[in-house]
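Have a look at target_23.cif below; it lists mmCIF, C-alpha atoms.
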data_work
loop_
_atom_site.label_atom_id
_atom_site.label_comp_id
_atom_site.auth_asym_id
_atom_site.auth_seq_id
_atom_site.Cartn_x
_atom_site.Cartn_y
_atom_site.Cartn_z
CA MET A 183 49.94 66.32 35.40
CA LEU A 184 49.97 69.83 36.79
CA ASN A 185 51.30 72.37 34.45
CA ALA A 186 54.39 73.45 36.28
CA MET A 187 54.82 76.65 34.33
CA THR A 188 51.36 78.15 34.44
CA LEU A 189 51.03 77.48 38.16
CA PRO A 190 54.56 78.38 39.08
CA ASP A 191 54.46 78.55 42.83
CA SER A 192 51.61 76.18 43.52
CA THR A 193 53.85 73.43 44.86
CA VAL A 194 55.50 75.80 47.28
CA SER A 195 52.86 78.11 48.65
CA GLY A 196 49.72 76.17 47.85
CA MET A 197 48.49 79.01 45.66
CA GLU A 198 46.48 77.72 42.72
CA ASP A 199 45.03 80.61 40.79
CA VAL A 200 42.71 79.53 37.99
CA SER A 201 42.87 82.94 36.37
CA GLY A 202 46.64 83.00 36.86
CA ALA A 203 47.43 83.08 33.15
CA ILE A 204 45.16 86.08 32.55
CA ASN A 205 46.54 87.97 35.52
CA GLU A 206 50.01 87.08 34.42
CA SER A 207 49.64 88.61 30.98
CA ARG A 208 48.22 91.74 32.62
CA LEU A 209 51.21 91.87 34.97
CA VAL A 210 53.60 91.44 32.06
CA ASP A 211 51.86 94.27 30.18
CA GLU A 212 52.08 96.57 33.19
CA ALA A 213 55.72 95.67 33.76
CA ARG A 214 56.46 96.45 30.12
CA ARG A 215 54.88 99.86 30.62
CA GLY A 216 57.31 100.47 33.46
CA SER A 217 55.46 99.24 36.56
CA GLN A 218 58.11 97.89 38.88
CA SER A 219 55.53 96.55 41.34
CA ALA A 220 53.93 94.44 38.60
CA PHE A 221 57.30 92.90 37.87
CA GLY A 222 57.76 92.37 41.61
CA GLU A 223 54.57 90.33 41.62
CA LEU A 224 55.92 88.17 38.79
CA VAL A 225 59.15 87.69 40.74
CA HIS A 226 57.21 86.55 43.82
CA ARG A 227 55.29 84.06 41.70
CA TYR A 228 58.27 82.50 40.01
CA GLU A 229 61.32 82.93 42.25
CA ARG A 230 61.06 79.72 44.29
CA ARG A 231 60.38 77.61 41.25
CA LEU A 232 63.26 79.18 39.36
CA ILE A 233 65.64 78.76 42.29
CA ARG A 234 64.66 75.08 42.57
CA VAL A 235 65.36 74.53 38.87
CA ILE A 236 68.74 76.28 39.01
CA LEU A 237 69.59 74.42 42.22
CA GLN A 238 69.46 71.12 40.36
CA PHE A 239 72.30 72.33 38.13
CA VAL A 240 74.54 74.16 40.60
CA ARG A 241 73.65 72.40 43.89
CA SER A 242 74.33 75.47 46.01
CA GLN A 243 71.49 77.44 47.53
CA GLU A 244 73.30 80.76 47.65
CA LEU A 245 74.56 80.45 44.11
CA ALA A 246 71.11 79.43 42.85
CA GLU A 247 69.62 82.56 44.44
CA ASP A 248 72.28 84.76 42.85
CA LEU A 249 71.73 83.21 39.43
CA ALA A 250 67.95 83.52 39.80
CA GLN A 251 68.36 87.21 40.61
CA GLU A 252 70.53 87.66 37.52
CA ALA A 253 67.94 85.85 35.42
CA PHE A 254 65.14 88.12 36.67
CA LEU A 255 67.22 91.22 36.01
CA LYS A 256 67.97 90.03 32.48
CA ALA A 257 64.27 89.26 31.95
CA TYR A 258 63.36 92.78 33.09
CA GLN A 259 65.93 94.34 30.78
CA ARG A 260 64.57 92.33 27.85
CA LEU A 261 60.86 92.77 28.56
CA ALA A 262 60.48 94.90 25.44
CA GLN A 263 61.57 91.90 23.34
CA PHE A 264 59.10 89.51 25.00
CA ASP A 265 56.28 88.35 22.75
CA THR A 266 53.15 88.90 24.88
CA ALA A 267 51.25 86.30 22.86
CA ARG A 268 53.43 83.65 24.51
CA ARG A 269 53.67 82.51 28.12
CA PHE A 270 56.02 84.26 30.51
CA GLY A 271 57.09 81.09 32.40
CA PRO A 272 58.95 79.23 29.64
CA TRP A 273 60.62 82.46 28.56
CA LEU A 274 61.84 83.15 32.09
CA PHE A 275 63.02 79.56 32.64
CA ARG A 276 64.85 79.68 29.30
CA ILE A 277 66.74 82.76 30.48
CA GLY A 278 67.45 81.12 33.85
CA VAL A 279 68.62 77.80 32.39
CA ASN A 280 70.79 79.48 29.74
CA GLN A 281 72.31 81.75 32.33
CA THR A 282 73.08 78.78 34.59
CA LEU A 283 74.62 76.79 31.73
CA ASP A 284 76.75 79.79 30.74
CA TYR A 285 77.92 80.05 34.33
CA LEU A 286 78.78 76.33 34.47
CA ARG A 287 80.66 76.51 31.17
CA ARG A 288 82.67 79.48 32.39
CA ARG A 289 83.45 77.67 35.62
CA LYS A 290 84.49 74.55 33.73
CA ARG A 291 86.81 76.59 31.51
CA ARG A 292 88.68 77.94 34.47
CA GLY A 293 88.92 74.74 36.48
CA TRP A 294 91.32 76.25 38.96
CA TRP A 295 88.44 78.35 40.25
CA LEU A 296 87.16 75.54 42.42
CA LEU A 297 90.55 75.07 44.02
CA PHE A 298 90.61 78.58 45.41
CA SER A 299 86.96 79.13 46.10
CA ASP A 300 84.79 78.26 49.05
CA ARG A 301 81.78 78.01 46.82
CA GLY A 302 82.02 74.53 45.35
CA THR A 303 79.32 72.08 44.33
CA GLU A 304 79.16 70.69 47.83
CA ARG A 305 76.32 71.87 50.00
CA ASP A 306 76.17 72.35 53.71
CA PRO A 307 74.00 69.78 55.45
CA ASP A 308 70.41 70.78 56.02
CA PRO A 309 69.71 70.69 59.76
CA ALA A 310 66.07 69.84 59.07
CA VAL A 311 67.06 66.44 57.66
CA VAL A 312 67.63 63.78 60.31
CA ASP A 313 70.76 62.24 58.81
CA PRO A 314 71.81 64.42 55.89
CA ARG A 315 74.94 62.37 55.09
CA GLN A 316 73.11 59.69 53.15
CA GLN A 317 71.26 62.24 51.05
CA LEU A 318 74.49 64.16 50.36
CA ASP A 319 76.21 60.92 49.34
CA LEU A 320 73.41 60.09 46.93
CA GLU A 321 73.38 63.63 45.52
CA GLN A 322 77.13 63.48 44.92
CA GLU A 323 76.92 60.03 43.33
CA VAL A 324 74.13 61.14 41.03
CA ALA A 325 75.94 64.41 40.22
CA ALA A 326 79.05 62.44 39.26
CA VAL A 327 77.02 60.27 36.86
CA LEU A 328 75.11 63.24 35.44
CA ASP A 329 78.40 64.98 34.71
CA GLN A 330 79.28 62.20 32.30
CA ILE A 331 76.14 62.75 30.22
CA PRO A 332 76.46 65.29 27.36
CA GLU A 333 74.93 68.66 28.21
CA ASN A 334 72.06 68.57 25.67
CA TYR A 335 70.80 65.31 27.15
CA ARG A 336 71.57 66.18 30.76
CA ILE A 337 69.43 69.34 30.70
CA VAL A 338 66.41 67.43 29.43
CA LEU A 339 66.90 64.67 32.00
CA ILE A 340 67.21 67.13 34.90
CA LEU A 341 64.19 69.19 33.88
CA ARG A 342 62.05 66.07 33.42
CA GLU A 343 63.18 63.89 36.31
CA LEU A 344 64.10 66.44 38.96
CA GLN A 345 61.66 69.24 38.20
CA ASN A 346 58.82 67.30 36.62
CA PHE A 347 58.44 69.52 33.58
CA SER A 348 56.50 67.81 30.77
CA THR A 349 58.21 67.19 27.44
CA SER A 350 56.15 69.97 25.84
CA GLU A 351 57.21 72.40 28.56
CA ILE A 352 60.85 71.43 28.12
CA ALA A 353 60.42 71.94 24.37
CA ALA A 354 59.11 75.46 25.08
CA ILE A 355 61.97 76.23 27.48
CA LEU A 356 64.70 74.99 25.16
CA GLU A 357 62.98 76.14 21.94
CA ARG A 358 63.17 72.70 20.36
CA LYS A 359 60.56 70.39 18.85
CA GLU A 360 58.86 68.08 21.29
CA ALA A 361 59.96 65.07 19.23
CA THR A 362 63.58 66.14 19.66
CA ILE A 363 63.09 66.46 23.41
CA ARG A 364 61.51 62.99 23.61
CA TRP A 365 64.37 61.49 21.68
CA ARG A 366 66.94 63.19 23.91
CA LEU A 367 65.03 62.13 27.01
CA ALA A 368 65.01 58.47 25.93
CA GLU A 369 68.74 58.61 25.18
CA ALA A 370 69.50 60.41 28.44
CA ARG A 371 67.57 57.89 30.54
CA ALA A 372 69.33 54.98 28.83
CA MET A 373 72.73 56.66 29.31
CA PHE A 374 72.03 57.38 32.97
CA HIS A 375 70.96 53.79 33.58
CA ASP A 376 74.09 52.35 31.92
CA LEU A 377 76.43 54.70 33.79
CA TRP A 378 74.65 54.17 37.10
CA VAL A 379 74.86 50.37 36.79
CA LYS A 380 78.54 50.58 35.82
CA ARG A 381 79.30 52.82 38.79
CA ARG A 382 77.39 50.60 41.18
CA ASP A 383 79.17 47.49 39.86
CA ALA A 384 82.55 49.22 40.13
CA SER A 385 81.90 50.34 43.72
CA GLY A 386 80.65 46.82 44.55
CA THR A 387 83.88 45.33 43.22
CA ALA A 388 85.94 47.91 45.13
CA ASP A 389 84.07 47.10 48.36
CA ALA A 390 84.68 43.39 47.86
CA ALA A 391 88.38 44.03 47.17
CA SER A 392 88.74 46.19 50.29
CA ARG A 393 87.03 43.51 52.39
CA PHE A 394 89.44 40.94 50.95
CA GLN A 395 92.46 43.08 51.85
CA GLU A 396 91.15 44.04 55.27
CA PRO A 397 93.70 43.35 58.05
CA PRO A 398 92.72 40.49 60.38
CA VAL A 399 90.80 41.58 63.43
CA LEU A 400 92.54 41.00 66.73
CA GLY A 401 91.46 37.68 68.13
CA GLY A 402 90.11 36.62 64.77
CA ASP A 403 92.52 33.67 64.56
CA LYS A 404 91.39 32.40 67.93
CA LYS A 405 87.77 32.60 66.83
CA ARG A 406 88.49 30.69 63.64
CA LYS A 407 90.42 28.03 65.60
CA ALA A 408 87.59 27.69 68.05
CA GLU A 409 85.17 27.25 65.14
CA MET B 36 53.23 42.44 17.86
CA MET B 37 56.36 44.19 19.10
CA ASP B 38 59.64 42.38 19.43
CA CYS B 39 62.27 42.90 22.15
CA ARG B 40 64.24 45.38 20.03
CA ASP B 41 61.21 47.65 19.53
CA VAL B 42 60.27 47.44 23.19
CA ARG B 43 63.77 48.30 24.43
CA GLN B 44 63.81 51.36 22.23
CA LEU B 45 60.52 52.57 23.70
CA LEU B 46 61.18 51.50 27.26
CA PRO B 47 62.99 54.68 28.44
CA LEU B 48 59.95 56.74 27.45
CA TRP B 49 57.44 54.12 28.57
CA VAL B 50 58.75 54.10 32.17
CA GLY B 51 58.10 57.84 32.50
CA GLN B 52 54.77 57.75 30.61
CA ASP B 53 56.31 59.96 27.95
CA LEU B 54 55.39 57.95 24.85
CA PRO B 55 53.66 60.11 22.23
CA ASP B 56 50.01 59.38 21.48
CA GLY B 57 50.75 57.46 18.26
CA HIS B 58 52.72 54.79 20.13
CA SER B 59 50.85 52.09 21.92
CA ALA B 60 51.93 51.91 25.53
CA ALA B 61 49.58 48.94 25.86
CA ASP B 62 51.64 46.93 23.35
CA VAL B 63 54.77 47.52 25.44
CA SER B 64 52.89 46.42 28.57
CA LYS B 65 51.71 43.24 26.83
CA HIS B 66 55.23 42.40 25.73
CA LEU B 67 56.63 43.01 29.22
CA ALA B 68 54.07 40.63 30.69
CA THR B 69 55.42 37.80 28.54
CA CYS B 70 59.16 38.61 28.19
CA THR B 71 61.29 38.10 31.31
CA SER B 72 64.39 39.66 29.78
CA CYS B 73 62.63 42.92 28.85
CA GLU B 74 60.89 42.96 32.22
CA GLN B 75 64.30 42.73 33.94
CA GLN B 76 65.48 45.61 31.79
CA ARG B 77 62.44 47.65 32.85
CA ILE B 78 63.03 46.96 36.54
CA GLY B 79 66.69 48.01 36.29
CA LEU B 80 65.85 51.17 34.39
CA GLN B 81 63.12 52.11 36.82
CA LYS B 82 65.40 51.59 39.83
CA SER B 83 68.11 53.83 38.33
CA LEU B 84 65.60 56.56 37.63
CA GLU B 85 64.18 56.30 41.15
CA GLN B 86 67.68 56.91 42.49
CA LEU B 87 67.99 59.90 40.21
CA GLN B 88 64.62 61.30 41.32
CA SER B 89 65.42 60.86 44.99
CA SER B 90 68.56 62.96 44.55
CA VAL B 91 66.52 66.08 43.86
CA VAL B 92 68.11 69.03 45.63
CA GLU B 93 65.58 70.76 47.83
CA PRO B 94 66.09 74.35 48.90
CA MET B 95 67.23 74.71 52.49
CA SER B 96 64.37 74.27 54.95
CA SER B 97 66.08 75.25 58.16
CA GLY B 98 62.96 76.76 59.65
CA LEU B 99 63.98 80.31 58.84
CA VAL B 100 61.85 82.32 56.45
CA ARG B 101 63.65 82.13 53.13
CA ARG B 102 64.60 85.55 51.84
CA SER B 103 63.12 86.78 48.61
CA VAL B 104 65.40 88.03 45.85
CA TRP B 105 63.02 90.94 45.24
CA PRO B 106 64.34 93.62 47.68
CA GLU B 107 67.87 93.43 46.25
CA LEU B 108 66.61 92.91 42.72
CA SER B 109 64.29 95.91 43.00
CA MET B 110 67.26 98.13 43.94
CA ARG B 111 69.26 96.79 41.01
CA ILE B 112 66.36 97.46 38.64
CA THR B 113 66.06 101.04 39.94
CA ASN B 114 69.80 101.57 39.48
CA TRP B 115 69.64 100.10 35.99
CA ARG B 116 66.75 102.36 35.00
CA GLU B 117 68.53 105.44 36.31
CA THR B 118 71.74 104.50 34.51
CA ARG B 119 69.84 103.90 31.29
CA GLN B 120 68.08 107.25 31.54
CA ARG B 121 71.37 108.97 32.20
CA GLU B 122 72.96 107.18 29.24
CA ARG B 123 70.07 108.20 27.02
CA PHE B 124 70.37 111.80 28.17
CA ASN B 125 74.14 111.70 27.73
CA GLY B 126 73.62 110.32 24.25
CA TRP B 127 71.45 113.29 23.33
CA ILE B 128 73.98 115.90 24.42
CA PRO B 129 76.61 115.30 21.68
CA ALA B 130 73.90 114.95 19.03
CA THR B 131 72.25 118.20 20.11
CA VAL B 132 75.56 120.06 20.33
CA MET B 133 76.54 118.79 16.88
CA SER B 134 73.21 119.85 15.37
CA LEU B 135 73.45 123.29 16.94
CA ALA B 136 77.01 123.69 15.65
CA VAL B 137 75.97 122.77 12.12
CA ALA B 138 72.99 125.12 12.26
CA LEU B 139 75.22 127.91 13.52
CA MET B 140 77.75 127.31 10.76
CA VAL B 141 75.02 127.41 8.14
CA ALA B 142 73.52 130.54 9.63
CA VAL B 143 76.88 132.26 9.66
CA SER B 144 77.97 131.12 6.22
CA ILE B 145 74.81 131.97 4.26
CA PRO B 146 75.12 135.79 4.56
CA SER B 147 78.84 135.62 3.72
CA LEU B 148 78.04 133.43 0.68
CA GLN B 149 75.40 135.85 -0.38
CA ARG B 150 77.86 138.71 -0.07
CA GLU B 151 80.42 136.67 -2.05
CA PHE B 152 78.08 135.96 -4.91
CA PHE B 153 75.71 138.87 -4.92
CA GLY B 154 77.78 141.65 -3.49
CA ASN B 155 75.68 144.09 -1.66
CA ASP B 156 72.74 143.63 -4.00
CA GLY B 157 70.09 142.99 -1.48
CA ASN B 158 67.52 142.21 -4.19
CA ALA B 159 69.45 139.22 -5.66
CA SER B 160 68.06 135.81 -4.98
CA LEU B 161 69.60 132.33 -4.83
CA ALA B 162 68.01 131.56 -8.20
CA ASP B 163 70.31 134.14 -9.66
CA LEU B 164 73.25 131.90 -8.81
CA PHE B 165 72.29 129.58 -11.66
CA ASP B 166 71.26 132.25 -14.06
CA SER B 167 74.73 132.60 -15.59
CA GLU B 168 76.09 133.88 -18.90
CA PRO B 169 76.69 131.54 -21.88
CA VAL B 170 80.09 129.86 -21.48
CA ASP B 171 81.24 131.21 -24.81
CA ALA B 172 81.18 134.57 -23.22
CA VAL B 173 83.77 133.58 -20.61
CA PRO B 174 87.06 135.12 -21.62
CA GLY B 175 89.92 132.74 -22.47
CA MET B 176 87.70 129.67 -22.91
CA GLN B 177 88.12 127.66 -26.15
CA ARG B 178 85.77 125.11 -27.58
CA ALA B 179 87.74 121.80 -27.97
CA ASN B 180 84.88 119.79 -29.32
CA PRO B 181 81.24 120.48 -29.76
CA ASN B 182 80.33 118.77 -26.42
CA ALA B 183 83.03 120.00 -24.06
CA TYR B 184 84.81 123.11 -23.04
CA VAL B 185 88.44 123.31 -22.07
CA VAL B 186 89.74 126.18 -20.10
CA PRO B 187 93.45 126.76 -20.65
CA VAL B 188 95.46 126.40 -17.47
CA GLY B 189 96.06 129.66 -15.75
CA THR B 190 93.32 131.41 -17.58
CA GLN B 191 90.42 130.26 -15.54
CA THR B 192 88.53 133.16 -14.27
CA PHE B 193 85.58 133.05 -12.11
CA PRO B 194 83.08 135.78 -12.38
CA LYS B 195 82.66 137.55 -9.16
CA LYS B 196 79.09 137.99 -9.99
CA PHE B 197 77.19 135.53 -12.17
CA SER B 198 74.19 137.68 -12.38
CA THR B 199 75.28 140.16 -14.96
CA GLU B 200 73.43 142.79 -16.87
CA ARG B 201 71.97 141.28 -20.01
#
As structure tokens, how would this structure be written, given the file I've shared?
Amino acid sequence: MLNAMTLPDSTVSGMEDVSGAINESRLVDEARRGSQSAFGELVHRYERRLIRVILQFVRSQELAEDLAQEAFLKAYQRLAQFDTARRFGPWLFRIGVNQTLDYLRRRKRRGWWLLFSDRGTERDPDPAVVDPRQQLDLEQEVAAVLDQIPENYRIVLILRELQNFSTSEIAAILERKEATIRWRLAEARAMFHDLWVKRRDASGTADAASRFQEPPVLGGDKKRKAE
Amino acid sequence: MMDCRDVRQLLPLWVGQDLPDGHSAADVSKHLATCTSCEQQRIGLQKSLEQLQSSVVEPMSSGLVRRSVWPELSMRITNWRETRQRERFNGWIPATVMSLAVALMVAVSIPSLQREFFGNDGNASLADLFDSEPVDAVPGMQRANPNAYVVPVGTQTFPKKFSTER
């Protein structure tokens, strides 16, 4: 599996720099010494990946970009605290994920916010997709199920299933042991499966009930008599 | 040989190839080949996860070039650096003013202290401050016990000049 954090933008721009890690530590060093352009290079490398990760949690492009910008700013302000012996990617994603979770917690606390805001979890349809309604339906269904999974498990599931981070990478992002991440992942997958099946069964029953209560179609009696 | 209970515990990790090295994925595969019930469980789990994976939210691809966060971020970083520098500078001002005030007070008070203790004797030094007479020589002081001196109230007198002629 490709290491998603050492080749941050490879899936987006096709850039696969073998000496990326070396250059990256040099860029981090220069940024720590005050070079804004070096930090700009790091931003260009990681921004799309970070936005994609955040997007899985907030499901709004504009919001994901805003949160990514905040995460980069926070990373810049804390560069002096960064341990240069470690990789920049997991550190940055940790800041981004924590920032996003803080935002979601705040939003949950003031639930009225959604009622008065235009910026909900719903996304505008993407014109590039032929029929975006089906994809939006699926996204909303999945989001509803994910919401029922406790946060600690949900984060691991999203990072693994939707962003393809390995368990060791997730362990680095969340600063937990890999064994803990594996355990949470197994639990999260089992929970998602149970909830998904329940939801599907419930919607199947509801469909059947609505079909049963459906008013007779005009001319339906005649058809039945003819049969 | 694994039983159904063991396999169902490992199945959520097995489907995503996330089993740690110590666990035998091959044993799970063998069991699945012979156990219909566990195989059904695997199929259901895999289908649910496929639904989850296909719900991945992709960034908008409307044909427009997606804007980078860098131009705005770069301005915010510049503003933050300027503010921090200003705050640092502003932090130094009170400290510097305070230090200067203390230094000034010391500078002003030392000559007046010297005048207080040494009069106009320009040759007296600070060491002379501690070169005082024996306490017994202080008028009005009585010895209460061998280790302490008590000065009767109202009779305390302070020599204007500790450095006296011996």
Best match for closeness to chain B among A:Glu212, A:Glu351, A:Glu229, A:Glu333, counting only C-alpha atoms: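 Among the listed residues, A:Glu229 lies closest to chain B.
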Expected selection from the PyMOL selection byres ((chain B and resi 100-112) around 9), given as JSON, numbers by chain: {"A": [218, 219, 222, 225, 226, 229, 230, 247, 248, 250, 251, 252, 254, 255, 258, 259], "B": [95, 96, 97, 98, 99, 113, 114, 115, 116, 117]}
Separation of atom CA of B:Met36 from atom CA of A:Ala372 in Å: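 That distance, rounded to one decimal, is 23.2 Å.
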Please report, as JSON lines, each residue of chain B lying at most 6 Å from chain A, together with the nearest pair of atoms and the separation in Å rounded to one decimal; use all atoms listed in the file, and order rows by chain and ascending residue number.
{"residue": "B:Pro47", "atom": "CA", "partner": "A:Ala368", "partner_atom": "CA", "distance": 5.0}
{"residue": "B:Leu48", "atom": "CA", "partner": "A:Ala368", "partner_atom": "CA", "distance": 5.6}
{"residue": "B:Leu80", "atom": "CA", "partner": "A:His375", "partner_atom": "CA", "distance": 5.8}
{"residue": "B:Ser83", "atom": "CA", "partner": "A:His375", "partner_atom": "CA", "distance": 5.5}
{"residue": "B:Gln88", "atom": "CA", "partner": "A:Leu344", "partner_atom": "CA", "distance": 5.7}
{"residue": "B:Ser90", "atom": "CA", "partner": "A:Glu321", "partner_atom": "CA", "distance": 5.0}
{"residue": "B:Val91", "atom": "CA", "partner": "A:Leu344", "partner_atom": "CA", "distance": 5.5}
{"residue": "B:Val92", "atom": "CA", "partner": "A:Gln238", "partner_atom": "CA", "distance": 5.8}
{"residue": "B:Ser97", "atom": "CA", "partner": "A:Ala310", "partner_atom": "CA", "distance": 5.5}
Selection as a list in words: residues within 9 Å of (61.2, 46.7, 27.5), counting all atoms listed in the file: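 The answer, in the requested form, is Cys39, Arg40, Asp41, Val42, Arg43, Gln44, Leu45, Leu46, Pro47, Trp49, Val63, Ser64, His66, Leu67, Cys70, Ser72, Cys73, Glu74, Gln75, Gln76 and Arg77 of chain B.
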Please write the residues from the selection above to a file, keeping C-alpha atoms, as a short mmCIF file (atom, residue, chain, number, x, y, z; two decimals), in the coordinates of the input.
data_model
loop_
_atom_site.label_atom_id
_atom_site.label_comp_id
_atom_site.auth_asym_id
_atom_site.auth_seq_id
_atom_site.Cartn_x
_atom_site.Cartn_y
_atom_site.Cartn_z
CA CYS B 39 62.27 42.90 22.15
CA ARG B 40 64.24 45.38 20.03
CA ASP B 41 61.21 47.65 19.53
CA VAL B 42 60.27 47.44 23.19
CA ARG B 43 63.77 48.30 24.43
CA GLN B 44 63.81 51.36 22.23
CA LEU B 45 60.52 52.57 23.70
CA LEU B 46 61.18 51.50 27.26
CA PRO B 47 62.99 54.68 28.44
CA TRP B 49 57.44 54.12 28.57
CA VAL B 63 54.77 47.52 25.44
CA SER B 64 52.89 46.42 28.57
CA HIS B 66 55.23 42.40 25.73
CA LEU B 67 56.63 43.01 29.22
CA CYS B 70 59.16 38.61 28.19
CA SER B 72 64.39 39.66 29.78
CA CYS B 73 62.63 42.92 28.85
CA GLU B 74 60.89 42.96 32.22
CA GLN B 75 64.30 42.73 33.94
CA GLN B 76 65.48 45.61 31.79
CA ARG B 77 62.44 47.65 32.85
#
For atom CA of B:Val137 and atom CA of B:Gln120, the interatomic separation in Å (one decimal):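 Computing the Euclidean distance for atom CA of B:Val137 and atom CA of B:Gln120 yields 26.1 Å.
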Residue among B:Ile78, B:Ala138, B:Leu84, B:Met37 lying closest to B:Gly51, counting all atoms listed in the file: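 For B:Gly51, the nearest of the given residues is B:Leu84.
Our summary of the geometry notes that atom CA of A:Ile331 is positioned 14.2 Å from atom CA of A:Leu283.
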